[in-house]
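Undergrad: Here it is: the structure, laid out below.
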Amino acid sequence: MRMLTTEELITIRRHLHQIPELALHETETHAFLAETIAHFNQDFLEVRTPAELPTALMVLVHGSAPHRTIGYRTDIDALPVEEQTGLPYSSTHPGVMHACGHDIHMTVALGVLDYFSEHQPKDNLLFFFQPAEESESGGKQAYELGLFTGKWQPDEFYGLHDNPDLPAGAIGCRMGTLFAGTTEVNIDLHGKGGHAAYPQDANDTVVAAAALIMQIQTIISRSIDPIQSGVITLGKVDGGTIRNVIAGHTRIEGTIRGLTQKMIEQIDERLKDLCHGIGRSYNMDVELELNQGGYWPVENNPELTKRFITYMEQKPEVNFVETAPAMTGEDFGYLLAKFPGTMFWLGVDDDSQLHSATLTPNEAAIQRGVDAITGFLTYRMQG
């Protein structure tokens with residue numbers, strides 16, 4: 001029985017860190033993952049590269065007496081960030097970096113998979129190495145392409161995200177929502193341009209946009225339960241060409257964050273109402289585009305999450321932290337809307353934040369994460 005050592009896991013992580021790739025272009029990453037898994041004991045493994053999503057990788061570990069199939073997901077893509085860590089194993093791909101720690105995610109998943117390739121699990125385990133988390137909604141694509149059917153269908157799903165604010169190796173989780181859902185907002189106001197001195201002959205979209213922006217600010221304060229949390233940020237406004245010409249078109253771009261899908265849909269409806277009202281009030285066309293994709297709130301299943309937290313709290317070797325919900329987005333939320341499951345944090349103890357060009361996770365988290373997850377999954381199969 002030969003299993004990956006802590007030093008080998010760190011070597012794997014550093015290699016993955018050097019070859020970051022953007023969503024749906026993770027070919028080198030996919031090849032390295034497949035090659036690494038090919039060196040594991042293959043007695044219980046079934047490996048699949050789906051033609052419909054060719055940078056995805058699925059590994060089924062056949063259980064000895066399965067009652068269920070437990071899914072474990074890790075994301076594999078990177079961000080368009082120029083690395084500034086100065087590390088000897090920095091990204092070799094200009095302008096691309098694992099600035100969200102997916103290299104840590106993948107390495108932990110490989111460690112867990114390696115363990116169960118040598119210790120046959122009781123239940124089936126499905127490992128999903130998912131492309132396109134940062135953009136393109138890879139989880140939603142996989143689901144809609146029918147990848148999770150037949151023997152590849154999980155009964156429950158688990159996954160982690162690294163957290164620089166937690167001690168290295170700590171496990172963080174909470175009942176309810178872990179991550180908010182996100183929706184992109186694009187609003188185009190179409191009026192009539194004209195000379196600044198003759199506003200009566202034009203239809204000013206800048207004025208209408210200003211009114212709309214102020215009304216949108218009341219959605220959270222007056223349409224959402226104050227005990228809950230939601231965010232609407234309008235980060236970009238573009239209208240007009242020159243100071244003495246009335247703008248015939250103005251575009252507003254922003255984002256919605258909500259802790260439940262119901263809340264996001266409620267915000268969507270209020271946005272539609274306000275855009276319709278501004279259009280009528282200012283006699284212009286107002287087009288609203290809402291794009292959520294697969295970035296639904298990460299709403300943890302109550303029963304499974306309670307079991308997960310109870311296990312982690314009772315293990316003296318695990319540093320468990322109950323965390324608050326975060327307004328960052330994660331497309332694992334879409335899969336948790338289709339399959340019950342739990343997402344949790346793995347602490348990586350870093351001064352830099354996620355998506356930062358200087359993110360440098362503490363690699364001591366890797367082995368601790370592997371140990372905590374293999375322990376929990378083994379425990380889960382007993383229930």
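Quick note on naming: the chains in the structure tokens go A, B, ... in the order shown, residues restart at 1 in each chain, and ligands are numbered from 1 in order of appearance.
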Would you list, as a PDB file with C-alpha atoms, in the first residue's frame, the residues of range 4-249 of chain A that end up in alpha helix (DSSP H) under DSSP run on this structure's backbone?

TA:
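After the write, part.pdb holds the following:
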```
ATOM      1  CA  THR A   6       2.621  15.278   2.681  1.00  0.00           C
ATOM      2  CA  GLU A   7       5.713  16.298   0.724  1.00  0.00           C
ATOM      3  CA  GLU A   8       4.349  14.716  -2.464  1.00  0.00           C
ATOM      4  CA  LEU A   9       1.037  16.519  -2.013  1.00  0.00           C
ATOM      5  CA  ILE A  10       2.892  19.824  -1.704  1.00  0.00           C
ATOM      6  CA  THR A  11       4.879  19.013  -4.859  1.00  0.00           C
ATOM      7  CA  ILE A  12       1.609  18.319  -6.697  1.00  0.00           C
ATOM      8  CA  ARG A  13       0.123  21.579  -5.471  1.00  0.00           C
ATOM      9  CA  ARG A  14       3.149  23.573  -6.616  1.00  0.00           C
ATOM     10  CA  HIS A  15       3.042  22.022 -10.071  1.00  0.00           C
ATOM     11  CA  LEU A  16      -0.666  22.806 -10.382  1.00  0.00           C
ATOM     12  CA  HIS A  17       0.074  26.350  -9.241  1.00  0.00           C
ATOM     13  CA  GLN A  18       2.494  26.756 -12.156  1.00  0.00           C
ATOM     14  CA  THR A  27      -6.314  21.126 -20.870  1.00  0.00           C
ATOM     15  CA  GLU A  28      -2.878  20.994 -19.229  1.00  0.00           C
ATOM     16  CA  THR A  29      -4.470  20.807 -15.791  1.00  0.00           C
ATOM     17  CA  HIS A  30      -6.758  17.995 -16.934  1.00  0.00           C
ATOM     18  CA  ALA A  31      -3.831  16.049 -18.375  1.00  0.00           C
ATOM     19  CA  PHE A  32      -1.818  16.394 -15.157  1.00  0.00           C
ATOM     20  CA  LEU A  33      -4.775  15.319 -13.005  1.00  0.00           C
ATOM     21  CA  ALA A  34      -5.415  12.295 -15.220  1.00  0.00           C
ATOM     22  CA  GLU A  35      -1.742  11.320 -15.180  1.00  0.00           C
ATOM     23  CA  THR A  36      -1.571  11.639 -11.387  1.00  0.00           C
ATOM     24  CA  ILE A  37      -4.717   9.552 -10.881  1.00  0.00           C
ATOM     25  CA  ALA A  38      -3.374   6.911 -13.281  1.00  0.00           C
ATOM     26  CA  HIS A 102      -8.100  26.043  -6.687  1.00  0.00           C
ATOM     27  CA  ASP A 103      -4.644  24.440  -6.748  1.00  0.00           C
ATOM     28  CA  ILE A 104      -5.151  23.765  -3.029  1.00  0.00           C
ATOM     29  CA  HIS A 105      -8.669  22.441  -3.732  1.00  0.00           C
ATOM     30  CA  MET A 106      -7.416  20.011  -6.370  1.00  0.00           C
ATOM     31  CA  THR A 107      -4.528  18.773  -4.260  1.00  0.00           C
ATOM     32  CA  VAL A 108      -6.777  18.019  -1.297  1.00  0.00           C
ATOM     33  CA  ALA A 109      -9.183  16.168  -3.600  1.00  0.00           C
ATOM     34  CA  LEU A 110      -6.314  14.104  -5.011  1.00  0.00           C
ATOM     35  CA  GLY A 111      -5.183  13.256  -1.490  1.00  0.00           C
ATOM     36  CA  VAL A 112      -8.677  12.102  -0.528  1.00  0.00           C
ATOM     37  CA  LEU A 113      -9.052  10.104  -3.752  1.00  0.00           C
ATOM     38  CA  ASP A 114      -5.632   8.512  -3.233  1.00  0.00           C
ATOM     39  CA  TYR A 115      -6.645   7.413   0.270  1.00  0.00           C
ATOM     40  CA  PHE A 116      -9.837   5.724  -0.924  1.00  0.00           C
ATOM     41  CA  SER A 117      -8.057   4.080  -3.857  1.00  0.00           C
ATOM     42  CA  GLU A 118      -6.069   2.173  -1.216  1.00  0.00           C
ATOM     43  CA  GLY A 138     -19.207  24.813 -15.100  1.00  0.00           C
ATOM     44  CA  GLY A 139     -21.344  23.078 -12.477  1.00  0.00           C
ATOM     45  CA  LYS A 140     -24.571  24.100 -14.216  1.00  0.00           C
ATOM     46  CA  GLN A 141     -23.151  23.045 -17.583  1.00  0.00           C
ATOM     47  CA  ALA A 142     -22.239  19.621 -16.212  1.00  0.00           C
ATOM     48  CA  TYR A 143     -25.709  19.128 -14.779  1.00  0.00           C
ATOM     49  CA  GLU A 144     -27.535  20.273 -17.916  1.00  0.00           C
ATOM     50  CA  THR A 205     -31.271  59.014 -20.526  1.00  0.00           C
ATOM     51  CA  VAL A 206     -28.721  60.334 -18.003  1.00  0.00           C
ATOM     52  CA  VAL A 207     -31.480  61.959 -15.954  1.00  0.00           C
ATOM     53  CA  ALA A 208     -33.608  58.818 -16.165  1.00  0.00           C
ATOM     54  CA  ALA A 209     -30.646  56.656 -15.206  1.00  0.00           C
ATOM     55  CA  ALA A 210     -29.972  58.841 -12.172  1.00  0.00           C
ATOM     56  CA  ALA A 211     -33.579  58.446 -11.037  1.00  0.00           C
ATOM     57  CA  LEU A 212     -33.445  54.705 -11.608  1.00  0.00           C
ATOM     58  CA  ILE A 213     -30.186  54.316  -9.669  1.00  0.00           C
ATOM     59  CA  MET A 214     -31.641  56.090  -6.654  1.00  0.00           C
ATOM     60  CA  GLN A 215     -34.789  53.971  -6.755  1.00  0.00           C
ATOM     61  CA  ILE A 216     -32.767  50.757  -7.000  1.00  0.00           C
ATOM     62  CA  GLN A 217     -31.043  51.704  -3.743  1.00  0.00           C
ATOM     63  CA  THR A 218     -34.389  51.311  -1.950  1.00  0.00           C
ATOM     64  CA  ILE A 219     -34.860  47.661  -2.922  1.00  0.00           C
ATOM     65  CA  ILE A 220     -32.682  46.244  -0.142  1.00  0.00           C
ATOM     66  CA  SER A 221     -33.790  48.802   2.459  1.00  0.00           C
ATOM     67  CA  ARG A 222     -37.516  48.601   1.719  1.00  0.00           C
ATOM     68  CA  SER A 223     -38.272  45.296  -0.032  1.00  0.00           C
TER      69      SER A 223
END
```

Undergrad: Excluding Trp152 in chain A and any residue of its chain fewer than 3 positions from it, enumerate the residues within 12 Å of it, using only C-alpha atoms, and give them as a list in words.

TA: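 The residues satisfying every condition are Glu46, Val47, Arg48, Pro50, Leu57, Met58, Val59, Leu60, Val61, His62, Arg68, Thr69, Ile70, Gly71, Tyr72, Asn124, Leu125, Leu126, Phe127, Phe128, Ala142, Tyr143, Gly146, Leu147, Phe148, Thr149, Asp155, Glu156 and Phe157 of chain A.
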
Undergrad: DSSP on the backbone: which residues in range 239-375 of chain A end up as strand (DSSP E)? Give the answer as a PyMOL selection string.

TA: chain A and resi 239+245-246+249-258+285-291+298-299+320-322+341-347

Undergrad: I need the chosen residues saved as a tab-separated table (two decimals), in the first residue's frame, with C-alpha atoms.

TA:
```
chain	number	residue	atom	x	y	z
A	239	GLY	CA	-23.78	57.50	-20.97
A	245	VAL	CA	-24.97	66.75	-26.05
A	246	ILE	CA	-27.93	65.10	-24.31
A	249	HIS	CA	-28.35	56.01	-24.48
A	250	THR	CA	-27.07	55.16	-21.03
A	251	ARG	CA	-25.97	51.78	-19.71
A	252	ILE	CA	-25.83	50.69	-16.08
A	253	GLU	CA	-23.95	47.55	-15.00
A	254	GLY	CA	-24.01	45.96	-11.58
A	255	THR	CA	-24.39	42.86	-9.46
A	256	ILE	CA	-26.91	41.35	-7.04
A	257	ARG	CA	-25.90	39.23	-4.04
A	258	GLY	CA	-28.47	37.33	-2.00
A	285	ASP	CA	-37.27	52.07	-23.57
A	286	VAL	CA	-35.54	50.48	-20.61
A	287	GLU	CA	-34.04	47.03	-21.23
A	288	LEU	CA	-33.07	44.89	-18.23
A	289	GLU	CA	-30.81	41.85	-18.56
A	290	LEU	CA	-30.33	39.55	-15.58
A	291	ASN	CA	-27.71	36.82	-15.84
A	298	VAL	CA	-24.68	27.84	-1.53
A	299	GLU	CA	-27.49	26.65	0.73
A	320	PHE	CA	-13.59	23.56	13.71
A	321	VAL	CA	-14.84	27.15	13.33
A	322	GLU	CA	-18.47	28.17	12.88
A	341	GLY	CA	-24.99	18.46	0.34
A	342	THR	CA	-22.61	20.70	2.20
A	343	MET	CA	-19.89	23.17	1.33
A	344	PHE	CA	-17.29	24.13	3.90
A	345	TRP	CA	-14.15	26.21	4.34
A	346	LEU	CA	-10.56	25.00	4.64
A	347	GLY	CA	-8.37	27.55	6.40
```

Undergrad: When distances are computed from only C-alpha atoms, which of A:Phe308, A:Ala23, A:Gly63, A:Asp351 shows the smallest separation from Lys151 in chain A?

TA: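 Closest to Lys151 in chain A of all the choices is A:Gly63.
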
Undergrad: What does the distance between CA of Leu359 in chain A and CA of Gly294 in chain A come to in Å, to one decimal place?

TA: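 So the answer is 25.5 Å.
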
Undergrad: Just the number, please: distance in Å from CA of Arg174 in chain A to CA of Ala99 in chain A, one decimal.

TA: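 Value for the CA of Arg174 in chain A-CA of Ala99 in chain A distance: 24.3 Å.
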
Undergrad: Which of these, A:Pro54, A:Gly191, A:Pro121, A:Pro20, has the shortest distance to Asp77 in chain A once you count only C-alpha atoms?

TA: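 Ranked by minimum distance to Asp77 in chain A, first place goes to A:Pro20.
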
Undergrad: Show me, as JSON, numbers by chain, the residues that have an atom within 10 Å of Gly383 in chain A when counting only C-alpha atoms, minus same-chain residues fewer than 3 positions from it.

TA: {"A": [67, 307, 378, 379, 380]}

Undergrad: What's the 12 Å shell around Ala197 in chain A, counting only C-alpha atoms, without same-chain residues fewer than 4 positions away, as an mmCIF file with N, CA and C atoms, in the first residue's frame?

TA:
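Final output, out.cif:
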```cif
data_model
loop_
_atom_site.group_PDB
_atom_site.id
_atom_site.type_symbol
_atom_site.label_atom_id
_atom_site.label_comp_id
_atom_site.auth_asym_id
_atom_site.auth_seq_id
_atom_site.Cartn_x
_atom_site.Cartn_y
_atom_site.Cartn_z
ATOM 1 N N GLY A 193 -31.233 61.577 -28.202
ATOM 2 C CA GLY A 193 -30.180 62.555 -28.021
ATOM 3 C C GLY A 193 -30.556 63.900 -28.602
ATOM 4 N N ASP A 201 -36.474 69.017 -26.857
ATOM 5 C CA ASP A 201 -36.501 68.271 -28.113
ATOM 6 C C ASP A 201 -35.781 66.921 -28.009
ATOM 7 N N ALA A 202 -35.331 66.602 -26.812
ATOM 8 C CA ALA A 202 -34.603 65.350 -26.607
ATOM 9 C C ALA A 202 -35.271 64.551 -25.486
ATOM 10 N N ARG A 243 -19.995 66.911 -23.253
ATOM 11 C CA ARG A 243 -20.740 67.642 -22.234
ATOM 12 C C ARG A 243 -21.957 68.409 -22.753
ATOM 13 N N ASN A 244 -21.939 68.809 -24.009
ATOM 14 C CA ASN A 244 -23.035 69.644 -24.502
ATOM 15 C C ASN A 244 -23.985 68.902 -25.441
ATOM 16 N N VAL A 245 -24.029 67.577 -25.295
ATOM 17 C CA VAL A 245 -24.972 66.754 -26.054
ATOM 18 C C VAL A 245 -25.759 65.894 -25.079
ATOM 19 N N ILE A 246 -27.071 65.936 -25.155
ATOM 20 C CA ILE A 246 -27.927 65.101 -24.312
ATOM 21 C C ILE A 246 -27.790 63.645 -24.764
#
```
